[in-house]
$ cat upload_39.csv   # CSV, C-alpha atoms and all ligand atoms
chain,number,residue,atom,x,y,z
A,1,MET,CA,105.3,111.4,99.5
A,2,LYS,CA,108.3,112.6,101.3
A,3,TYR,CA,110.6,109.9,102.7
A,4,ILE,CA,112.8,110.5,105.7
A,5,ILE,CA,116.2,109.1,106.4
A,6,ALA,CA,117.2,109.4,110.1
A,7,PRO,CA,120.7,108.1,111.0
A,8,SER,CA,120.8,107.0,114.6
A,9,ILE,CA,123.6,108.7,116.5
A,10,LEU,CA,123.7,105.7,118.9
A,11,SER,CA,126.0,104.1,116.3
A,12,ALA,CA,128.2,107.3,116.0
A,13,ASP,CA,131.7,107.5,117.4
A,14,PHE,CA,131.1,109.4,120.7
A,15,GLY,CA,134.8,110.3,120.8
A,16,ASN,CA,134.2,112.1,117.5
A,17,LEU,CA,130.6,113.1,118.0
A,18,GLN,CA,131.0,116.6,116.4
A,19,ARG,CA,132.6,115.1,113.3
A,20,ASP,CA,129.8,112.6,112.9
A,21,ILE,CA,127.1,115.3,113.5
A,22,GLU,CA,128.8,117.4,110.7
A,23,MET,CA,128.8,114.3,108.5
A,24,ILE,CA,125.0,114.0,108.9
A,25,ASN,CA,124.6,117.8,108.5
A,26,GLN,CA,126.4,117.6,105.1
A,27,SER,CA,124.6,114.4,104.0
A,28,GLU,CA,121.2,113.9,102.4
A,29,ALA,CA,119.8,112.7,105.8
A,30,ASP,CA,116.6,114.4,107.0
A,31,TRP,CA,116.7,114.0,110.8
A,32,PHE,CA,119.0,113.0,113.6
A,33,HIS,CA,117.6,110.0,115.5
A,34,VAL,CA,118.4,110.3,119.2
A,35,ASP,CA,118.1,107.1,121.2
A,36,VAL,CA,117.7,107.7,124.9
A,37,MET,CA,117.8,104.5,127.1
A,38,ASP,CA,117.5,104.3,130.8
A,39,GLY,CA,118.6,100.8,131.8
A,40,VAL,CA,115.1,100.1,133.1
A,41,PHE,CA,112.8,100.0,130.1
A,42,VAL,CA,115.5,98.5,128.1
A,43,PRO,CA,118.6,96.5,129.2
A,44,ASN,CA,121.0,99.2,128.1
A,45,ILE,CA,121.9,102.8,129.0
A,46,SER,CA,122.8,105.2,126.2
A,47,PHE,CA,123.0,108.9,127.1
A,48,GLY,CA,121.0,111.8,128.5
A,49,PHE,CA,120.7,115.5,128.4
A,50,PRO,CA,124.4,116.6,128.3
A,51,VAL,CA,125.0,114.5,125.1
A,52,MET,CA,121.7,115.6,123.6
A,53,ALA,CA,122.7,119.2,124.3
A,54,ALA,CA,126.0,118.6,122.5
A,55,VAL,CA,124.1,117.2,119.5
A,56,LYS,CA,121.7,120.1,119.4
A,57,LYS,CA,124.6,122.6,119.5
A,58,HIS,CA,125.9,121.3,116.2
A,59,ALA,CA,122.9,119.7,114.4
A,60,ILE,CA,121.2,121.8,111.7
A,61,LYS,CA,118.5,119.2,111.1
A,62,PRO,CA,115.6,118.2,113.4
A,63,LEU,CA,116.1,115.9,116.4
A,64,ASP,CA,113.9,112.8,116.4
A,65,VAL,CA,114.1,111.7,120.0
A,66,HIS,CA,113.2,108.1,120.8
A,67,LEU,CA,112.7,107.7,124.5
A,68,MET,CA,113.2,104.1,125.7
A,69,ILE,CA,112.6,105.1,129.3
A,70,VAL,CA,110.0,104.5,132.0
A,71,GLU,CA,107.8,107.4,133.2
A,72,PRO,CA,108.6,109.6,130.2
A,73,ASP,CA,106.1,112.3,131.4
A,74,LYS,CA,108.7,113.4,134.0
A,75,TYR,CA,111.2,114.4,131.3
A,76,ILE,CA,109.2,115.6,128.3
A,77,GLU,CA,109.5,119.3,129.1
A,78,ASP,CA,113.2,118.8,129.6
A,79,PHE,CA,113.7,117.0,126.3
A,80,ALA,CA,111.7,119.8,124.5
A,81,LYS,CA,113.9,122.4,126.1
A,82,ALA,CA,117.0,120.4,125.2
A,83,GLY,CA,116.0,120.8,121.5
A,84,ALA,CA,113.8,117.9,120.6
A,85,ASP,CA,111.6,118.5,117.5
A,86,ARG,CA,109.8,115.1,117.8
A,87,ILE,CA,109.4,113.1,120.9
A,88,THR,CA,108.5,109.4,120.7
A,89,VAL,CA,107.5,107.4,123.8
A,90,HIS,CA,106.9,103.7,124.1
A,91,TYR,CA,103.3,102.4,124.3
A,92,GLU,CA,104.6,99.8,126.8
A,93,ALA,CA,106.0,102.5,129.1
A,94,CYS,CA,102.9,104.7,129.3
A,95,THR,CA,100.0,103.9,131.6
A,96,HIS,CA,98.2,107.1,130.6
A,97,LEU,CA,99.3,107.3,126.9
A,98,HIS,CA,96.7,109.9,126.0
A,99,ARG,CA,98.0,112.2,128.6
A,100,THR,CA,101.6,111.7,127.6
A,101,ILE,CA,100.7,112.5,124.0
A,102,GLN,CA,99.1,115.8,125.0
A,103,LEU,CA,102.1,116.6,127.2
A,104,ILE,CA,104.4,116.2,124.2
A,105,LYS,CA,102.2,118.4,122.1
A,106,ALA,CA,101.9,121.0,124.8
A,107,SER,CA,105.7,121.1,124.9
A,108,GLY,CA,105.7,122.2,121.3
A,109,CYS,CA,107.0,119.0,119.8
A,110,LYS,CA,105.5,116.5,117.4
A,111,ALA,CA,104.2,113.4,119.1
A,112,GLY,CA,105.1,109.8,118.3
A,113,VAL,CA,104.4,106.4,119.9
A,114,ALA,CA,106.8,103.5,119.5
A,115,LEU,CA,105.6,99.8,119.5
A,116,ASN,CA,107.8,96.9,120.5
A,117,PRO,CA,107.8,93.9,118.2
A,118,HIS,CA,105.1,92.1,120.3
A,119,THR,CA,102.7,95.1,120.5
A,120,PRO,CA,100.0,95.1,117.8
A,121,VAL,CA,99.2,98.4,116.0
A,122,THR,CA,95.5,98.0,116.9
A,123,LEU,CA,96.3,99.1,120.4
A,124,LEU,CA,96.8,102.6,119.0
A,125,GLN,CA,93.2,102.8,117.6
A,126,ASP,CA,91.9,105.3,120.1
A,127,VAL,CA,94.9,107.7,119.9
A,128,ILE,CA,95.8,107.4,116.2
A,129,GLU,CA,94.2,110.7,115.3
A,130,ASP,CA,96.3,112.6,117.8
A,131,LEU,CA,99.7,111.2,116.6
A,132,ASP,CA,102.2,112.7,114.2
A,133,LEU,CA,104.2,109.5,114.0
A,134,VAL,CA,104.2,105.8,114.9
A,135,LEU,CA,107.6,104.2,115.3
A,136,ILE,CA,107.5,100.5,114.6
A,137,MET,CA,110.4,98.7,116.3
A,138,SER,CA,111.8,96.1,113.9
A,139,VAL,CA,114.1,94.8,116.7
A,140,ASN,CA,113.7,94.6,120.4
A,141,PRO,CA,114.9,98.0,121.6
A,142,GLY,CA,118.1,98.4,123.5
A,143,PHE,CA,120.9,97.9,121.0
A,144,GLY,CA,122.1,98.8,117.6
A,145,GLY,CA,123.2,96.2,115.0
A,146,GLN,CA,120.4,93.6,115.6
A,147,ALA,CA,118.7,91.5,112.9
A,148,PHE,CA,115.5,92.9,111.4
A,149,ILE,CA,112.3,91.1,112.5
A,150,HIS,CA,110.2,90.0,109.5
A,151,ASN,CA,106.8,90.5,111.0
A,152,THR,CA,107.4,94.2,110.8
A,153,TYR,CA,106.1,94.2,107.2
A,154,LYS,CA,102.7,93.0,108.3
A,155,LYS,CA,102.6,95.6,111.1
A,156,ILE,CA,103.3,98.4,108.7
A,157,LYS,CA,100.6,97.2,106.3
A,158,ASP,CA,98.1,96.9,109.2
A,159,LEU,CA,98.9,100.4,110.3
A,160,LYS,CA,98.6,101.8,106.8
A,161,VAL,CA,95.1,100.4,106.6
A,162,MET,CA,94.3,101.7,110.1
A,163,ILE,CA,95.2,105.3,109.2
A,164,GLN,CA,93.2,105.5,106.0
A,165,GLY,CA,90.6,108.2,106.2
A,166,VAL,CA,91.6,109.0,109.8
A,167,ASN,CA,95.2,110.3,109.8
A,168,GLU,CA,96.7,109.8,106.4
A,169,ASN,CA,99.6,112.2,107.1
A,170,LEU,CA,100.9,110.1,109.9
A,171,ILE,CA,104.5,109.2,109.5
A,172,ILE,CA,105.3,105.5,109.7
A,173,GLU,CA,108.8,105.1,110.9
A,174,VAL,CA,110.8,101.9,111.2
A,175,ASP,CA,113.7,101.4,113.6
A,176,GLY,CA,116.1,98.5,113.8
A,177,GLY,CA,118.0,96.5,111.3
A,178,VAL,CA,117.1,98.9,108.5
A,179,GLY,CA,119.4,99.3,105.6
A,180,LEU,CA,119.9,99.3,101.8
A,181,GLN,CA,118.7,95.7,101.7
A,182,ASN,CA,115.2,96.3,103.0
A,183,ILE,CA,114.2,100.0,102.5
A,184,ALA,CA,112.5,99.3,99.1
A,185,THR,CA,110.3,96.5,100.6
A,186,LEU,CA,109.5,98.7,103.6
A,187,ILE,CA,108.3,101.5,101.3
A,188,THR,CA,106.1,99.0,99.4
A,189,ALA,CA,104.6,98.0,102.8
A,190,GLY,CA,103.8,101.6,103.6
A,191,ALA,CA,106.7,103.0,105.7
A,192,ASN,CA,108.0,106.5,105.1
A,193,ALA,CA,110.7,107.1,107.6
A,194,PHE,CA,113.8,105.0,108.2
A,195,VAL,CA,116.1,104.9,111.1
A,196,ALA,CA,119.5,103.5,110.4
A,197,GLY,CA,122.4,103.1,112.8
A,198,ASN,CA,124.8,100.3,111.9
A,199,ALA,CA,123.8,100.4,108.2
A,200,VAL,CA,125.2,104.0,108.1
A,201,PHE,CA,128.0,104.1,110.6
A,202,ALA,CA,129.5,100.7,110.0
A,203,THR,CA,130.2,101.5,106.3
A,204,ASP,CA,133.3,103.0,104.8
A,205,SER,CA,131.4,106.0,103.5
A,206,PRO,CA,128.4,106.9,105.7
A,207,THR,CA,127.6,109.9,103.5
A,208,GLN,CA,127.5,107.7,100.4
A,209,THR,CA,125.3,105.1,102.2
A,210,ILE,CA,122.9,107.8,103.2
A,211,SER,CA,122.8,109.0,99.6
A,212,GLN,CA,122.1,105.5,98.4
A,213,MET,CA,119.3,105.2,100.9
A,214,LYS,CA,117.8,108.4,99.8
A,215,SER,CA,118.0,107.3,96.1
A,216,LEU,CA,116.0,104.1,97.1
A,217,THR,CA,113.3,106.3,98.4
A,218,THR,CA,113.0,108.2,95.2
A,219,SER,CA,113.1,105.2,92.9
A,220,THR,CA,110.7,102.9,94.8
A,221,ILE,CA,107.0,103.2,94.0
A,222,SER,CA,104.9,102.9,97.1
B,301,LIG,C1,117.5,100.4,119.1
B,301,LIG,C2,117.4,101.8,118.7
B,301,LIG,C3,117.7,102.0,117.3
B,301,LIG,C4,119.1,101.6,116.9
B,301,LIG,C5,119.0,101.1,115.5
B,301,LIG,O1,116.9,100.2,120.4
B,301,LIG,O2,116.1,102.3,118.9
B,301,LIG,O3,117.4,103.4,116.9
B,301,LIG,O4,120.0,102.7,117.0
B,301,LIG,O5,120.3,100.6,115.2
B,301,LIG,P1,120.5,99.7,113.9
B,301,LIG,O6,120.0,100.5,112.7
B,301,LIG,O7,121.9,99.4,113.9
B,301,LIG,O8,119.6,98.4,114.1
B,302,ZN,ZN,115.6,104.3,118.0
$ encode --input "upload_39.csv" --output "structure tokens" --more "lines below"
Ligand code: DX5
Ligand code: ZN
Amino acid sequence: MKYIIAPSILSADFGNLQRDIEMINQSEADWFHVDVMDGVFVPNISFGFPVMAAVKKHAIKPLDVHLMIVEPDKYIEDFAKAGADRITVHYEACTHLHRTIQLIKASGCKAGVALNPHTPVTLLQDVIEDLDLVLIMSVNPGFGGQAFIHNTYKKIKDLKVMIQGVNENLIIEVDGGVGLQNIATLITAGANAFVAGNAVFATDSPTQTISQMKSLTTSTIS
């Protein structure tokens, strides 16, 4: 099983964005996690295409784009053109989720769906075969640095059962309050991709923290 560490650039220093991107390039991280917030779906605005283009210009690893926006269908093609490798939309923001997933795939990207803490994994039953990734939010989306919600473990276990014999290659990604203290337990529950903002960027040595996270993924038996 390959485990993914995806530092969230939401917690980077935007005044030194190129420096932070190079840090991730040189580290053992696997993906760049790119949080796009519109101030409507979530009570915060992060950044849009110009910043994403700047990230793409320097990043040598895949961009894992997490869209916390309403009406994502309008922008999927644009995010694909801006360099997204994976696009994840929120279940709660999509009236026609099946259509949105097909749009993402048609744009050439891998398709993911994110679930807010109150949204059960069972609601994905009828699209689970079409997905490359499910992003389980372990905080209410909108901000970095929030406390991890414990019920996430149960949701990961439920999802793991749900994909058995159906889509076993699905990536189960966890986002919010993830760090050295809970990665091992998350792996045991069944997660295989880890987004980390504060846990990486608020440390003295982000590179070393990423390396420690990566070591946890190789030493923990799932
Ligand atoms: C929250 C974002 C997260 C955020 C995680 O809405 O989706 O990706 O950057 O930040 P931490 O790891 O600090 O909780
Ligand atoms: Zn995110």
$ closest_atom_pairs --input "upload_39.csv" --of "chain A" --to "ligand ZN 302 (chain B)" --cutoff "12 Å" --atoms "only C-alpha atoms and all ligand atoms" --output "Markdown table"
| residue | atom | partner | partner_atom | distance |
| --- | --- | --- | --- | --- |
| A:Ala6 | CA | B:ZN302 | ZN | 9.5 |
| A:Pro7 | CA | B:ZN302 | ZN | 9.5 |
| A:Ser8 | CA | B:ZN302 | ZN | 6.8 |
| A:Ile9 | CA | B:ZN302 | ZN | 9.3 |
| A:Leu10 | CA | B:ZN302 | ZN | 8.3 |
| A:Ser11 | CA | B:ZN302 | ZN | 10.5 |
| A:Phe32 | CA | B:ZN302 | ZN | 10.3 |
| A:His33 | CA | B:ZN302 | ZN | 6.5 |
| A:Val34 | CA | B:ZN302 | ZN | 6.7 |
| A:Asp35 | CA | B:ZN302 | ZN | 4.9 |
| A:Val36 | CA | B:ZN302 | ZN | 8.0 |
| A:Met37 | CA | B:ZN302 | ZN | 9.4 |
| A:Val42 | CA | B:ZN302 | ZN | 11.6 |
| A:Ser46 | CA | B:ZN302 | ZN | 10.9 |
| A:Leu63 | CA | B:ZN302 | ZN | 11.7 |
| A:Asp64 | CA | B:ZN302 | ZN | 8.8 |
| A:Val65 | CA | B:ZN302 | ZN | 7.8 |
| A:His66 | CA | B:ZN302 | ZN | 5.3 |
| A:Leu67 | CA | B:ZN302 | ZN | 7.9 |
| A:Met68 | CA | B:ZN302 | ZN | 8.1 |
| A:Ile69 | CA | B:ZN302 | ZN | 11.7 |
| A:Ile87 | CA | B:ZN302 | ZN | 11.1 |
| A:Thr88 | CA | B:ZN302 | ZN | 9.1 |
| A:Val89 | CA | B:ZN302 | ZN | 10.4 |
| A:His90 | CA | B:ZN302 | ZN | 10.6 |
| A:Gly112 | CA | B:ZN302 | ZN | 11.9 |
| A:Val113 | CA | B:ZN302 | ZN | 11.6 |
| A:Ala114 | CA | B:ZN302 | ZN | 9.0 |
| A:Leu115 | CA | B:ZN302 | ZN | 11.1 |
| A:Asn116 | CA | B:ZN302 | ZN | 11.0 |
| A:Val134 | CA | B:ZN302 | ZN | 11.9 |
| A:Leu135 | CA | B:ZN302 | ZN | 8.4 |
| A:Ile136 | CA | B:ZN302 | ZN | 9.6 |
| A:Met137 | CA | B:ZN302 | ZN | 7.8 |
| A:Ser138 | CA | B:ZN302 | ZN | 9.9 |
| A:Val139 | CA | B:ZN302 | ZN | 9.7 |
| A:Asn140 | CA | B:ZN302 | ZN | 10.2 |
| A:Pro141 | CA | B:ZN302 | ZN | 7.3 |
| A:Gly142 | CA | B:ZN302 | ZN | 8.4 |
| A:Phe143 | CA | B:ZN302 | ZN | 8.8 |
| A:Gly144 | CA | B:ZN302 | ZN | 8.5 |
| A:Gly145 | CA | B:ZN302 | ZN | 11.5 |
| A:Gln146 | CA | B:ZN302 | ZN | 12.0 |
| A:Glu173 | CA | B:ZN302 | ZN | 9.9 |
| A:Val174 | CA | B:ZN302 | ZN | 8.7 |
| A:Asp175 | CA | B:ZN302 | ZN | 5.6 |
| A:Gly176 | CA | B:ZN302 | ZN | 7.2 |
| A:Gly177 | CA | B:ZN302 | ZN | 10.6 |
| A:Val178 | CA | B:ZN302 | ZN | 11.0 |
| A:Ala193 | CA | B:ZN302 | ZN | 11.8 |
| A:Phe194 | CA | B:ZN302 | ZN | 10.0 |
| A:Val195 | CA | B:ZN302 | ZN | 6.9 |
| A:Ala196 | CA | B:ZN302 | ZN | 8.6 |
| A:Gly197 | CA | B:ZN302 | ZN | 8.6 |
| A:Asn198 | CA | B:ZN302 | ZN | 11.7 |
$ closest_residue --input "upload_39.csv" --among "A:Met23, A:Pro43, A:Phe79, A:Leu133" --to "ligand LIG 301 (chain B)" --atoms "all atoms listed in the file"
A:Pro43
$ atom_distance --input "upload_39.csv" --atom1 "atom CA of A:Ser27" --atom2 "atom CA of A:Ile60"
11.2 Å
$ atom_distance --input "upload_39.csv" --atom1 "atom CA of A:Asp132" --atom2 "atom CA of A:Ile171"
6.3 Å
$ closest_residue --input "upload_39.csv" --among "A:Val161, A:Ile76, A:Ile187, A:Ile5" --to "ligand LIG 301 (chain B)" --atoms "only C-alpha atoms and all ligand atoms"
A:Ile5
$ residues_near_point --input "upload_39.csv" --point "(99.3, 101.2, 127.0)" --cutoff "12 Å" --atoms "only C-alpha atoms" --output "mmCIF file with C-alpha atoms, in the frame of the given file"
data_model
loop_
_atom_site.group_PDB
_atom_site.id
_atom_site.type_symbol
_atom_site.label_atom_id
_atom_site.label_comp_id
_atom_site.auth_asym_id
_atom_site.auth_seq_id
_atom_site.Cartn_x
_atom_site.Cartn_y
_atom_site.Cartn_z
ATOM 1 C CA VAL A 89 107.500 107.400 123.800
ATOM 2 C CA HIS A 90 106.900 103.700 124.100
ATOM 3 C CA TYR A 91 103.300 102.400 124.300
ATOM 4 C CA GLU A 92 104.600 99.800 126.800
ATOM 5 C CA ALA A 93 106.000 102.500 129.100
ATOM 6 C CA CYS A 94 102.900 104.700 129.300
ATOM 7 C CA THR A 95 100.000 103.900 131.600
ATOM 8 C CA HIS A 96 98.200 107.100 130.600
ATOM 9 C CA LEU A 97 99.300 107.300 126.900
ATOM 10 C CA HIS A 98 96.700 109.900 126.000
ATOM 11 C CA ARG A 99 98.000 112.200 128.600
ATOM 12 C CA THR A 100 101.600 111.700 127.600
ATOM 13 C CA ILE A 101 100.700 112.500 124.000
ATOM 14 C CA VAL A 113 104.400 106.400 119.900
ATOM 15 C CA ALA A 114 106.800 103.500 119.500
ATOM 16 C CA LEU A 115 105.600 99.800 119.500
ATOM 17 C CA ASN A 116 107.800 96.900 120.500
ATOM 18 C CA THR A 119 102.700 95.100 120.500
ATOM 19 C CA PRO A 120 100.000 95.100 117.800
ATOM 20 C CA VAL A 121 99.200 98.400 116.000
ATOM 21 C CA THR A 122 95.500 98.000 116.900
ATOM 22 C CA LEU A 123 96.300 99.100 120.400
ATOM 23 C CA LEU A 124 96.800 102.600 119.000
ATOM 24 C CA GLN A 125 93.200 102.800 117.600
ATOM 25 C CA ASP A 126 91.900 105.300 120.100
ATOM 26 C CA VAL A 127 94.900 107.700 119.900
#
$ closest_residue --input "upload_39.csv" --among "A:Asn182, A:Lys155, A:Ser107, A:Gly165" --to "ligand LIG 301 (chain B)" --atoms "all atoms listed in the file"
A:Asn182
$ residues_around --input "upload_39.csv" --residues "stretch 206-211 of chain A" --least-positions-apart "6" --cutoff "8 Å" --atoms "only C-alpha atoms" --output "CSV table (one decimal) with C-alpha atoms, in the coordinates of the input"
chain,number,residue,atom,x,y,z
A,5,ILE,CA,116.2,109.1,106.4
A,23,MET,CA,128.8,114.3,108.5
A,24,ILE,CA,125.0,114.0,108.9
A,26,GLN,CA,126.4,117.6,105.1
A,27,SER,CA,124.6,114.4,104.0
A,28,GLU,CA,121.2,113.9,102.4
A,29,ALA,CA,119.8,112.7,105.8
A,180,LEU,CA,119.9,99.3,101.8
A,199,ALA,CA,123.8,100.4,108.2
A,200,VAL,CA,125.2,104.0,108.1
$ closest_residue --input "upload_39.csv" --among "A:Ala184, A:Leu103, A:Val40, A:Ile21" --to "A:Ser219" --atoms "only C-alpha atoms"
A:Ala184
$ atom_distance --input "upload_39.csv" --atom1 "atom CA of A:Ile45" --atom2 "atom CA of A:Asn25"
25.5 Å
$ closest_residue --input "upload_39.csv" --among "A:Trp31, A:Phe148, A:Phe41, A:Phe14" --to "ligand LIG 301 (chain B)" --atoms "all atoms listed in the file"
A:Phe148
$ residues_around --input "upload_39.csv" --residues "A:Ala54" --least-positions-apart "6" --cutoff "10 Å" --atoms "all atoms listed in the file" --output "PyMOL selection string"
chain A and resi 17-18+21+82
$ closest_residue --input "upload_39.csv" --among "A:Val70, A:Leu131, A:Ile149, A:Ile172" --to "ligand LIG 301 (chain B)" --atoms "all atoms listed in the file"
A:Ile149
$ build_atoms --input "upload_39.csv" --residues "stretch 143-160 of chain A" --atoms "N, CA and C atoms" --output "compact mmCIF listing (two decimals), in the frame of the given file"
# COMPACT_ATOMS: atom_id res chain seq x y z
N PHE A 143 119.61 97.98 121.65
CA PHE A 143 120.90 97.90 121.00
C PHE A 143 120.86 98.14 119.53
N GLY A 144 121.94 98.71 119.00
CA GLY A 144 122.10 98.80 117.60
C GLY A 144 122.60 97.48 117.01
N GLY A 145 122.54 97.35 115.70
CA GLY A 145 123.20 96.20 115.00
C GLY A 145 122.48 94.88 115.15
N GLN A 146 121.18 94.87 115.48
CA GLN A 146 120.40 93.60 115.60
C GLN A 146 119.76 93.26 114.27
N ALA A 147 119.34 91.98 114.18
CA ALA A 147 118.70 91.50 112.90
C ALA A 147 117.24 91.97 112.86
N PHE A 148 116.84 92.42 111.70
CA PHE A 148 115.50 92.90 111.40
C PHE A 148 114.45 91.75 111.59
N ILE A 149 113.35 92.09 112.25
CA ILE A 149 112.30 91.10 112.50
C ILE A 149 111.24 91.20 111.35
N HIS A 150 111.01 90.07 110.69
CA HIS A 150 110.20 90.00 109.50
C HIS A 150 108.76 90.45 109.62
N ASN A 151 108.19 90.14 110.79
CA ASN A 151 106.80 90.50 111.00
C ASN A 151 106.47 91.97 110.92
N THR A 152 107.54 92.77 110.90
CA THR A 152 107.40 94.20 110.80
C THR A 152 106.60 94.62 109.53
N TYR A 153 106.81 93.90 108.44
CA TYR A 153 106.10 94.20 107.20
C TYR A 153 104.59 94.19 107.39
N LYS A 154 104.16 93.14 108.08
CA LYS A 154 102.70 93.00 108.30
C LYS A 154 102.20 94.13 109.19
N LYS A 155 102.99 94.49 110.20
CA LYS A 155 102.60 95.60 111.10
C LYS A 155 102.42 96.89 110.34
N ILE A 156 103.36 97.16 109.44
CA ILE A 156 103.30 98.40 108.70
C ILE A 156 102.03 98.40 107.80
N LYS A 157 101.76 97.26 107.16
CA LYS A 157 100.60 97.20 106.30
C LYS A 157 99.30 97.38 107.14
N ASP A 158 99.25 96.75 108.32
CA ASP A 158 98.10 96.90 109.20
C ASP A 158 97.90 98.38 109.60
N LEU A 159 99.01 99.04 109.90
CA LEU A 159 98.90 100.40 110.30
C LEU A 159 98.48 101.33 109.17
N LYS A 160 98.98 101.02 108.00
CA LYS A 160 98.60 101.80 106.80
C LYS A 160 97.09 101.73 106.58
